[in-house]
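Note: the block below is entry_2.txt and it holds compact mmCIF, C-alpha atoms.
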```txt
# COMPACT_ATOMS: atom_id res chain seq x y z
CA MET T 888 65.05 107.44 134.67
CA LYS T 889 62.66 109.58 136.74
CA ILE T 890 62.41 112.22 133.97
CA GLU T 891 61.81 109.50 131.36
CA LYS T 892 59.03 108.08 133.54
CA ILE T 893 57.36 111.50 133.88
CA ILE T 894 57.55 112.08 130.11
CA SER T 895 56.14 108.60 129.48
CA GLU T 896 53.24 109.20 131.89
CA GLU T 897 52.48 112.60 130.30
CA LEU T 898 52.42 111.12 126.79
CA ASP T 899 50.19 108.27 127.96
CA ALA T 900 47.79 110.76 129.56
CA ILE T 901 47.55 112.77 126.33
CA GLY T 902 46.47 109.65 124.47
CA ASN T 903 43.96 108.56 127.11
CA ASP T 904 42.47 112.06 127.25
CA HIS T 905 41.84 112.00 123.47
CA PHE T 906 43.98 115.10 122.99
CA SER T 907 44.55 116.66 119.57
CA THR T 908 47.17 119.26 118.72
CA SER T 909 45.91 120.64 115.40
CA ALA T 910 43.15 120.53 112.76
CA ALA T 911 45.82 119.39 110.30
CA THR T 912 47.08 115.81 110.30
CA PRO T 913 50.60 115.89 111.82
CA LEU T 914 52.85 114.83 108.93
CA ARG T 915 56.58 115.36 108.52
CA GLU T 916 57.81 117.26 105.45
CA ASP T 917 59.52 114.11 104.16
CA ALA T 918 56.43 111.92 104.62
CA PHE T 919 56.35 110.98 100.92
CA LYS T 920 60.05 110.89 100.18
CA ILE T 921 59.99 107.12 99.77
CA SER T 922 57.57 105.07 97.65
CA LYS T 923 54.65 103.01 98.89
CA ASP T 924 56.53 99.81 98.06
CA GLU T 925 59.50 100.95 100.15
CA LYS T 926 57.19 101.79 103.05
CA ILE T 927 55.61 98.35 102.86
CA LEU T 928 59.01 96.63 103.04
CA LEU T 929 60.11 98.76 106.01
CA ILE T 930 56.85 98.35 107.92
CA GLN T 931 56.91 94.61 107.25
CA GLU T 932 60.22 94.34 109.09
CA LYS T 933 58.97 96.48 112.01
CA VAL T 934 55.83 94.35 112.41
CA LYS T 935 57.98 91.23 112.30
CA ASP T 936 60.12 92.71 115.11
CA ILE T 937 57.03 93.48 117.22
CA LEU T 938 55.64 89.97 116.86
CA ASP T 939 59.08 88.51 117.61
CA VAL T 940 59.41 90.60 120.79
CA LEU T 941 55.95 89.37 121.84
CA GLY T 942 57.25 85.84 121.54
CA MET T 943 55.28 84.74 118.49
CA ASP T 944 56.65 81.95 116.32
CA LEU T 945 56.93 83.54 112.88
CA ASN T 946 57.73 80.16 111.32
CA ASP T 947 54.15 79.08 111.97
CA ASP T 948 52.14 78.91 108.73
CA SER T 949 49.41 81.15 110.19
CA LEU T 950 51.88 83.92 111.09
CA LYS T 951 54.37 83.82 108.21
CA GLY T 952 52.46 86.27 106.07
CA THR T 953 51.19 88.53 108.86
CA PRO T 954 53.96 91.18 108.73
CA LEU T 955 53.45 91.70 104.99
CA ARG T 956 49.66 91.67 105.28
CA VAL T 957 49.76 94.30 108.02
CA ALA T 958 52.23 96.46 106.08
CA LYS T 959 50.06 96.39 102.94
CA MET T 960 46.97 97.16 105.01
CA PHE T 961 48.64 100.16 106.66
CA VAL T 962 49.95 101.71 103.44
CA ASN T 963 47.24 100.84 100.92
CA GLU T 964 44.09 100.62 103.02
CA ILE T 965 43.50 101.95 106.53
CA PHE T 966 46.13 104.73 106.23
CA GLY T 967 45.69 105.32 102.49
CA GLY T 968 44.20 108.75 103.20
CA LEU T 969 47.62 110.06 104.21
CA ASP T 970 48.67 110.13 100.55
CA PRO T 971 47.48 113.36 98.87
CA LYS T 972 47.36 111.44 95.57
CA SER T 973 44.41 109.52 97.02
CA LYS T 974 42.39 112.68 97.56
CA PRO T 975 39.06 112.38 95.69
CA LYS T 976 38.50 114.75 92.79
CA ALA T 977 35.33 116.61 93.72
CA SER T 978 34.04 118.43 90.66
CA THR T 979 31.31 120.98 91.30
CA PHE T 980 28.35 121.84 89.11
CA GLU T 981 26.17 124.89 88.72
CA ASN T 982 23.04 124.75 90.84
CA SER T 983 20.93 125.20 87.71
CA TYR T 984 17.71 124.02 89.36
CA LYS T 985 18.11 126.73 92.02
CA TYR T 986 17.68 124.37 94.96
CA GLY T 987 18.02 126.72 97.94
CA GLU T 988 17.55 124.49 100.97
CA MET T 989 20.09 122.33 102.76
CA LEU T 990 21.24 119.04 101.31
CA VAL T 991 21.96 116.30 103.84
CA GLU T 992 23.93 113.10 103.27
CA LYS T 993 23.37 111.07 106.42
CA ASN T 994 24.51 107.73 107.79
CA ILE T 995 27.81 107.72 105.90
CA THR T 996 29.63 104.61 107.14
CA LEU T 997 32.91 105.60 108.75
CA TYR T 998 35.97 103.47 109.51
CA SER T 999 39.01 105.18 110.94
CA THR T 1000 41.90 104.48 113.32
CA CYS T 1001 42.62 106.14 116.65
CA GLU T 1002 46.06 107.73 116.44
CA HIS T 1003 46.74 107.16 120.15
CA HIS T 1004 46.39 103.38 120.25
CA LEU T 1005 45.98 102.44 116.55
CA LEU T 1006 42.64 100.80 117.27
CA PRO T 1007 39.51 101.14 115.08
CA ILE T 1008 36.97 103.95 115.16
CA VAL T 1009 33.64 102.83 113.69
CA GLY T 1010 30.55 104.96 113.22
CA LYS T 1011 28.41 107.21 111.06
CA ALA T 1012 28.98 110.67 109.64
CA HIS T 1013 26.18 113.08 108.72
CA VAL T 1014 27.13 115.93 106.37
CA ALA T 1015 25.10 118.86 105.06
CA TYR T 1016 25.55 122.05 103.05
CA ILE T 1017 23.51 124.91 101.64
CA SER T 1018 24.40 125.73 98.06
CA ASN T 1019 26.08 129.03 97.26
CA GLY T 1020 25.51 128.53 93.53
CA THR T 1021 27.36 125.23 93.13
CA VAL T 1022 26.66 121.61 94.08
CA VAL T 1023 28.83 118.52 94.43
CA GLY T 1024 28.05 114.90 93.55
CA LEU T 1025 26.53 112.98 96.44
CA SER T 1026 29.10 110.17 96.35
CA LYS T 1027 31.90 112.73 96.67
CA MET T 1028 30.67 113.60 100.14
CA ASN T 1029 31.08 109.94 101.12
CA ARG T 1030 34.52 109.83 99.50
CA ILE T 1031 35.68 112.95 101.35
CA VAL T 1032 34.68 111.37 104.67
CA GLU T 1033 36.46 108.15 103.66
CA TYR T 1034 39.63 109.99 102.56
CA TYR T 1035 40.10 111.87 105.82
CA ALA T 1036 39.05 108.84 107.89
CA LYS T 1037 41.74 106.64 106.33
CA ARG T 1038 44.58 107.94 108.46
CA PRO T 1039 45.54 107.92 112.14
CA GLN T 1040 42.86 110.24 113.53
CA VAL T 1041 41.09 111.84 116.42
CA GLN T 1042 37.39 112.34 115.85
CA GLU T 1043 37.45 116.08 116.50
CA ARG T 1044 40.05 116.63 113.77
CA LEU T 1045 38.22 114.38 111.33
CA THR T 1046 35.00 116.37 111.82
CA LEU T 1047 36.82 119.65 111.17
CA GLN T 1048 38.64 118.31 108.10
CA VAL T 1049 35.43 117.12 106.44
CA VAL T 1050 33.77 120.52 106.95
CA GLN T 1051 36.80 122.52 105.82
CA GLU T 1052 37.25 120.41 102.68
CA LEU T 1053 33.63 120.87 101.62
CA GLN T 1054 33.77 124.58 102.39
CA ASN T 1055 36.74 124.90 100.04
CA ILE T 1056 35.14 122.80 97.31
CA LEU T 1057 31.74 124.54 97.43
CA ASN T 1058 33.06 128.04 98.18
CA THR T 1059 30.65 128.46 101.09
CA GLU T 1060 30.84 128.52 104.87
CA ASP T 1061 27.43 126.84 105.08
CA VAL T 1062 28.61 123.29 105.82
CA ALA T 1063 27.95 121.03 108.81
CA CYS T 1064 29.11 117.63 109.99
CA VAL T 1065 28.12 115.41 112.91
CA ILE T 1066 29.96 112.16 113.64
CA ASP T 1067 28.78 109.47 116.07
CA ALA T 1068 31.36 106.71 116.50
CA LYS T 1069 32.62 103.98 118.77
CA HIS T 1070 36.32 103.97 119.69
CA LEU T 1071 37.79 100.58 120.41
CA CYS T 1072 40.48 102.25 122.51
CA VAL T 1073 37.60 102.99 124.91
CA ASN T 1074 35.39 99.97 124.18
CA SER T 1075 37.99 97.17 124.21
CA ARG T 1076 40.77 98.41 126.53
CA GLY T 1077 41.27 100.86 129.38
CA ILE T 1078 37.80 101.52 130.81
CA SER T 1079 36.37 98.84 128.44
CA ASP T 1080 32.99 100.57 128.16
CA ILE T 1081 31.33 98.78 125.24
CA ALA T 1082 28.15 100.90 125.35
CA SER T 1083 29.57 104.40 124.95
CA SER T 1084 30.05 106.32 121.71
CA THR T 1085 31.56 109.71 120.91
CA VAL T 1086 29.64 112.49 119.15
CA THR T 1087 31.40 115.48 117.56
CA SER T 1088 30.04 118.30 115.45
CA GLU T 1089 31.22 121.28 113.44
CA TYR T 1090 28.88 123.98 112.11
CA GLY T 1091 29.86 126.64 109.62
CA GLY T 1092 28.07 129.75 108.36
CA ARG T 1093 24.29 129.55 108.58
CA PHE T 1094 24.48 126.26 110.48
CA LYS T 1095 25.60 128.27 113.51
CA GLU T 1096 22.09 129.70 113.63
CA GLU T 1097 19.87 127.78 116.03
CA ALA T 1098 16.98 127.20 113.61
CA THR T 1099 19.21 125.94 110.78
CA ARG T 1100 21.20 123.71 113.12
CA GLN T 1101 18.03 122.21 114.59
CA GLU T 1102 16.64 121.56 111.11
CA PHE T 1103 19.80 119.63 110.21
CA LEU T 1104 19.68 117.62 113.45
CA SER T 1105 16.02 116.76 112.86
CA TYR T 1106 16.85 115.40 109.39
CA ILE T 1107 19.58 113.07 110.64
CA GLN T 1108 17.19 111.65 113.23
CA LEU T 1109 14.65 110.68 110.57
CA GLU T 1110 14.29 106.97 109.98
CA THR T 1111 15.30 106.16 106.43
CA GLN T 1112 12.56 104.36 104.51
CA PHE T 1113 13.20 102.09 101.53
```

Since I need it in another form, could you write the structure as structure tokens?
Amino acid sequence: MKIEKIISEELDAIGNDHFSTSAATPLREDAFKISKDEKILLIQEKVKDILDVLGMDLNDDSLKGTPLRVAKMFVNEIFGGLDPKSKPKASTFENSYKYGEMLVEKNITLYSTCEHHLLPIVGKAHVAYISNGTVVGLSKMNRIVEYYAKRPQVQERLTLQVVQELQNILNTEDVACVIDAKHLCVNSRGISDIASSTVTSEYGGRFKEEATRQEFLSYIQLETQF
């Protein structure tokens, strides 16, 4: 019992300290052995068990459909980015107009889920790259952020994954990403600090240079005019 308590306290501390083990999402090799429909049925039963243990009356009209709704949401929506089949196809094009400065897509709305408490992460991502001869459609940058956000995440890993994906697509190291987000595991429980947000960044290639990095940061601070 004492050993189990120590292990439990250590695992709880890892979650509260926002600890991440790898830049890759931790998935088992058999993660996609069963279909989405099978996952929904299994998760539905688990959610039903959780609500039952909490003492909820699942015969109530308001609660009857909750286990299925949650299961569908997990598989098809908020954790849909776990399925590699959902990965956006990001075709590249020749930079025929020879644009040689950085391109910035800022204020990309971000919804993710903290993998430690399964509570929402809500914020903005700002992504930039300098063309190495190819460009990618603007909406694909949003879709890449969305794809990696739709899984149990830590913000540090998400930032790295966005940069690494664009580096692979564009065949350049010159990619940067800054994310500013609120974590409800901090805002609504534990310390319950509703004012704080978390900022992470990853700079590749020329963005590691002070002047280039500062140029990028100045762009994302500009007020967008319509």

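The residue that comes closest to Lys1011 of chain T, out of T:Asp936, T:Asn1074, T:Thr1087, T:Glu1060 and on the basis of all atoms listed in the file, is T:Thr1087.
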
Test item: which residues lie within 6 Å of (23.5, 113.9, 103.7) counting only C-alpha atoms, as an mmCIF file with C-alpha atoms, in the coordinates of the input:
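Contents of point-v5.cif, freshly written:
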```cif
data_model
loop_
_atom_site.group_PDB
_atom_site.id
_atom_site.type_symbol
_atom_site.label_atom_id
_atom_site.label_comp_id
_atom_site.auth_asym_id
_atom_site.auth_seq_id
_atom_site.Cartn_x
_atom_site.Cartn_y
_atom_site.Cartn_z
ATOM 1 C CA VAL T 991 21.960 116.300 103.840
ATOM 2 C CA GLU T 992 23.930 113.100 103.270
ATOM 3 C CA LYS T 993 23.370 111.070 106.420
ATOM 4 C CA HIS T 1013 26.180 113.080 108.720
ATOM 5 C CA VAL T 1014 27.130 115.930 106.370
ATOM 6 C CA ALA T 1015 25.100 118.860 105.060
#
```

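Here atom CA of Thr1099 of chain T is placed at a distance of 26.1 Å from atom CA of Ser978 of chain T.
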
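Here atom CA of Asp939 of chain T stands at a distance of 14.2 Å from atom CA of Leu955 of chain T.
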
Å distance separating atom CA of Gln1048 of chain T from atom CA of Leu969 of chain T, one decimal place: 12.8 Å

Spatial sel., origin (26.1, 120.1, 104.7), limit 10 Å, only C-alpha atoms, listed as a PDB file with C-alpha atoms, in the frame of the given file:
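See selection_25.pdb below for the written result:
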```
ATOM      1  CA  MET T 989      20.090 122.330 102.760  1.00  0.00           C
ATOM      2  CA  LEU T 990      21.240 119.040 101.310  1.00  0.00           C
ATOM      3  CA  VAL T 991      21.960 116.300 103.840  1.00  0.00           C
ATOM      4  CA  GLU T 992      23.930 113.100 103.270  1.00  0.00           C
ATOM      5  CA  LYS T 993      23.370 111.070 106.420  1.00  0.00           C
ATOM      6  CA  HIS T1013      26.180 113.080 108.720  1.00  0.00           C
ATOM      7  CA  VAL T1014      27.130 115.930 106.370  1.00  0.00           C
ATOM      8  CA  ALA T1015      25.100 118.860 105.060  1.00  0.00           C
ATOM      9  CA  TYR T1016      25.550 122.050 103.050  1.00  0.00           C
ATOM     10  CA  ILE T1017      23.510 124.910 101.640  1.00  0.00           C
ATOM     11  CA  SER T1018      24.400 125.730  98.060  1.00  0.00           C
ATOM     12  CA  MET T1028      30.670 113.600 100.140  1.00  0.00           C
ATOM     13  CA  VAL T1049      35.430 117.120 106.440  1.00  0.00           C
ATOM     14  CA  VAL T1050      33.770 120.520 106.950  1.00  0.00           C
ATOM     15  CA  LEU T1053      33.630 120.870 101.620  1.00  0.00           C
ATOM     16  CA  GLN T1054      33.770 124.580 102.390  1.00  0.00           C
ATOM     17  CA  GLU T1060      30.840 128.520 104.870  1.00  0.00           C
ATOM     18  CA  ASP T1061      27.430 126.840 105.080  1.00  0.00           C
ATOM     19  CA  VAL T1062      28.610 123.290 105.820  1.00  0.00           C
ATOM     20  CA  ALA T1063      27.950 121.030 108.810  1.00  0.00           C
ATOM     21  CA  CYS T1064      29.110 117.630 109.990  1.00  0.00           C
ATOM     22  CA  VAL T1065      28.120 115.410 112.910  1.00  0.00           C
ATOM     23  CA  TYR T1090      28.880 123.980 112.110  1.00  0.00           C
ATOM     24  CA  GLY T1091      29.860 126.640 109.620  1.00  0.00           C
ATOM     25  CA  PHE T1094      24.480 126.260 110.480  1.00  0.00           C
ATOM     26  CA  PHE T1103      19.800 119.630 110.210  1.00  0.00           C
TER      27      PHE T1103
END
```

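Proximity of T:Val957, T:Ala1036, T:Ala1012, T:Leu1057 to Val934 of chain T, computed with all atoms listed in the file, is greatest for T:Val957.
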
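Distance annotation: of T:His1070, T:Ser1088, T:Glu964, T:Asp970, the residue with the minimal separation from Leu1047 of chain T is T:Ser1088; atom set is only C-alpha atoms.
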
Rank T:Lys976, T:Arg1030, T:Arg1044, T:Lys1069 by their smallest atom-to-atom distance to Gly1010 of chain T, using all atoms listed in the file, and report the top residue only. T:Lys1069

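If all atoms listed in the file are the atoms counted, then among T:Thr1021, T:Ser999, T:Ser1026, T:Ser1084 the closest residue to Pro975 of chain T is T:Ser1026.
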
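If you measure from each of T:Leu1071, T:Ile1008, T:Thr1000, T:Gly968 to Val1032 of chain T using all atoms listed in the file, the closest one turns out to be T:Gly968.
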
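Taking all atoms listed in the file, the non-local environment of segment 909-925 of chain T within 10 Å (same-chain residues fewer than 6 positions away omitted) comprises Gln931, Ala958, Lys959, Val962, Asn963, Gly967, Leu969, Asp970, Pro971, Tyr1035, Arg1038, Pro1039, Gln1040, Val1041, Glu1043, Arg1044, Leu1045, Thr1046, Leu1047, Gln1048 and Gln1051 of chain T.
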
Atoms kept (C-alpha atoms) for selection, written as an mmCIF file, in the frame of the given file:
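Saved result, part.cif, follows:
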```cif
data_model
loop_
_atom_site.group_PDB
_atom_site.id
_atom_site.type_symbol
_atom_site.label_atom_id
_atom_site.label_comp_id
_atom_site.auth_asym_id
_atom_site.auth_seq_id
_atom_site.Cartn_x
_atom_site.Cartn_y
_atom_site.Cartn_z
ATOM 1 C CA GLN T 931 56.910 94.610 107.250
ATOM 2 C CA ALA T 958 52.230 96.460 106.080
ATOM 3 C CA LYS T 959 50.060 96.390 102.940
ATOM 4 C CA VAL T 962 49.950 101.710 103.440
ATOM 5 C CA ASN T 963 47.240 100.840 100.920
ATOM 6 C CA GLY T 967 45.690 105.320 102.490
ATOM 7 C CA LEU T 969 47.620 110.060 104.210
ATOM 8 C CA ASP T 970 48.670 110.130 100.550
ATOM 9 C CA PRO T 971 47.480 113.360 98.870
ATOM 10 C CA TYR T 1035 40.100 111.870 105.820
ATOM 11 C CA ARG T 1038 44.580 107.940 108.460
ATOM 12 C CA PRO T 1039 45.540 107.920 112.140
ATOM 13 C CA GLN T 1040 42.860 110.240 113.530
ATOM 14 C CA VAL T 1041 41.090 111.840 116.420
ATOM 15 C CA GLU T 1043 37.450 116.080 116.500
ATOM 16 C CA ARG T 1044 40.050 116.630 113.770
ATOM 17 C CA LEU T 1045 38.220 114.380 111.330
ATOM 18 C CA THR T 1046 35.000 116.370 111.820
ATOM 19 C CA LEU T 1047 36.820 119.650 111.170
ATOM 20 C CA GLN T 1048 38.640 118.310 108.100
ATOM 21 C CA GLN T 1051 36.800 122.520 105.820
#
```

Return as lines of an AutoDock Vina configuration file the centre and edge lengths, in Å with one decimal, of the box along x, y and z that encloses every atom of segment 1023-1041 of chain T in the file, padded by 4 Å per side.
```
center_x = 36.0
center_y = 112.6
center_z = 105.0
size_x = 27.0
size_y = 19.9
size_z = 30.9
```
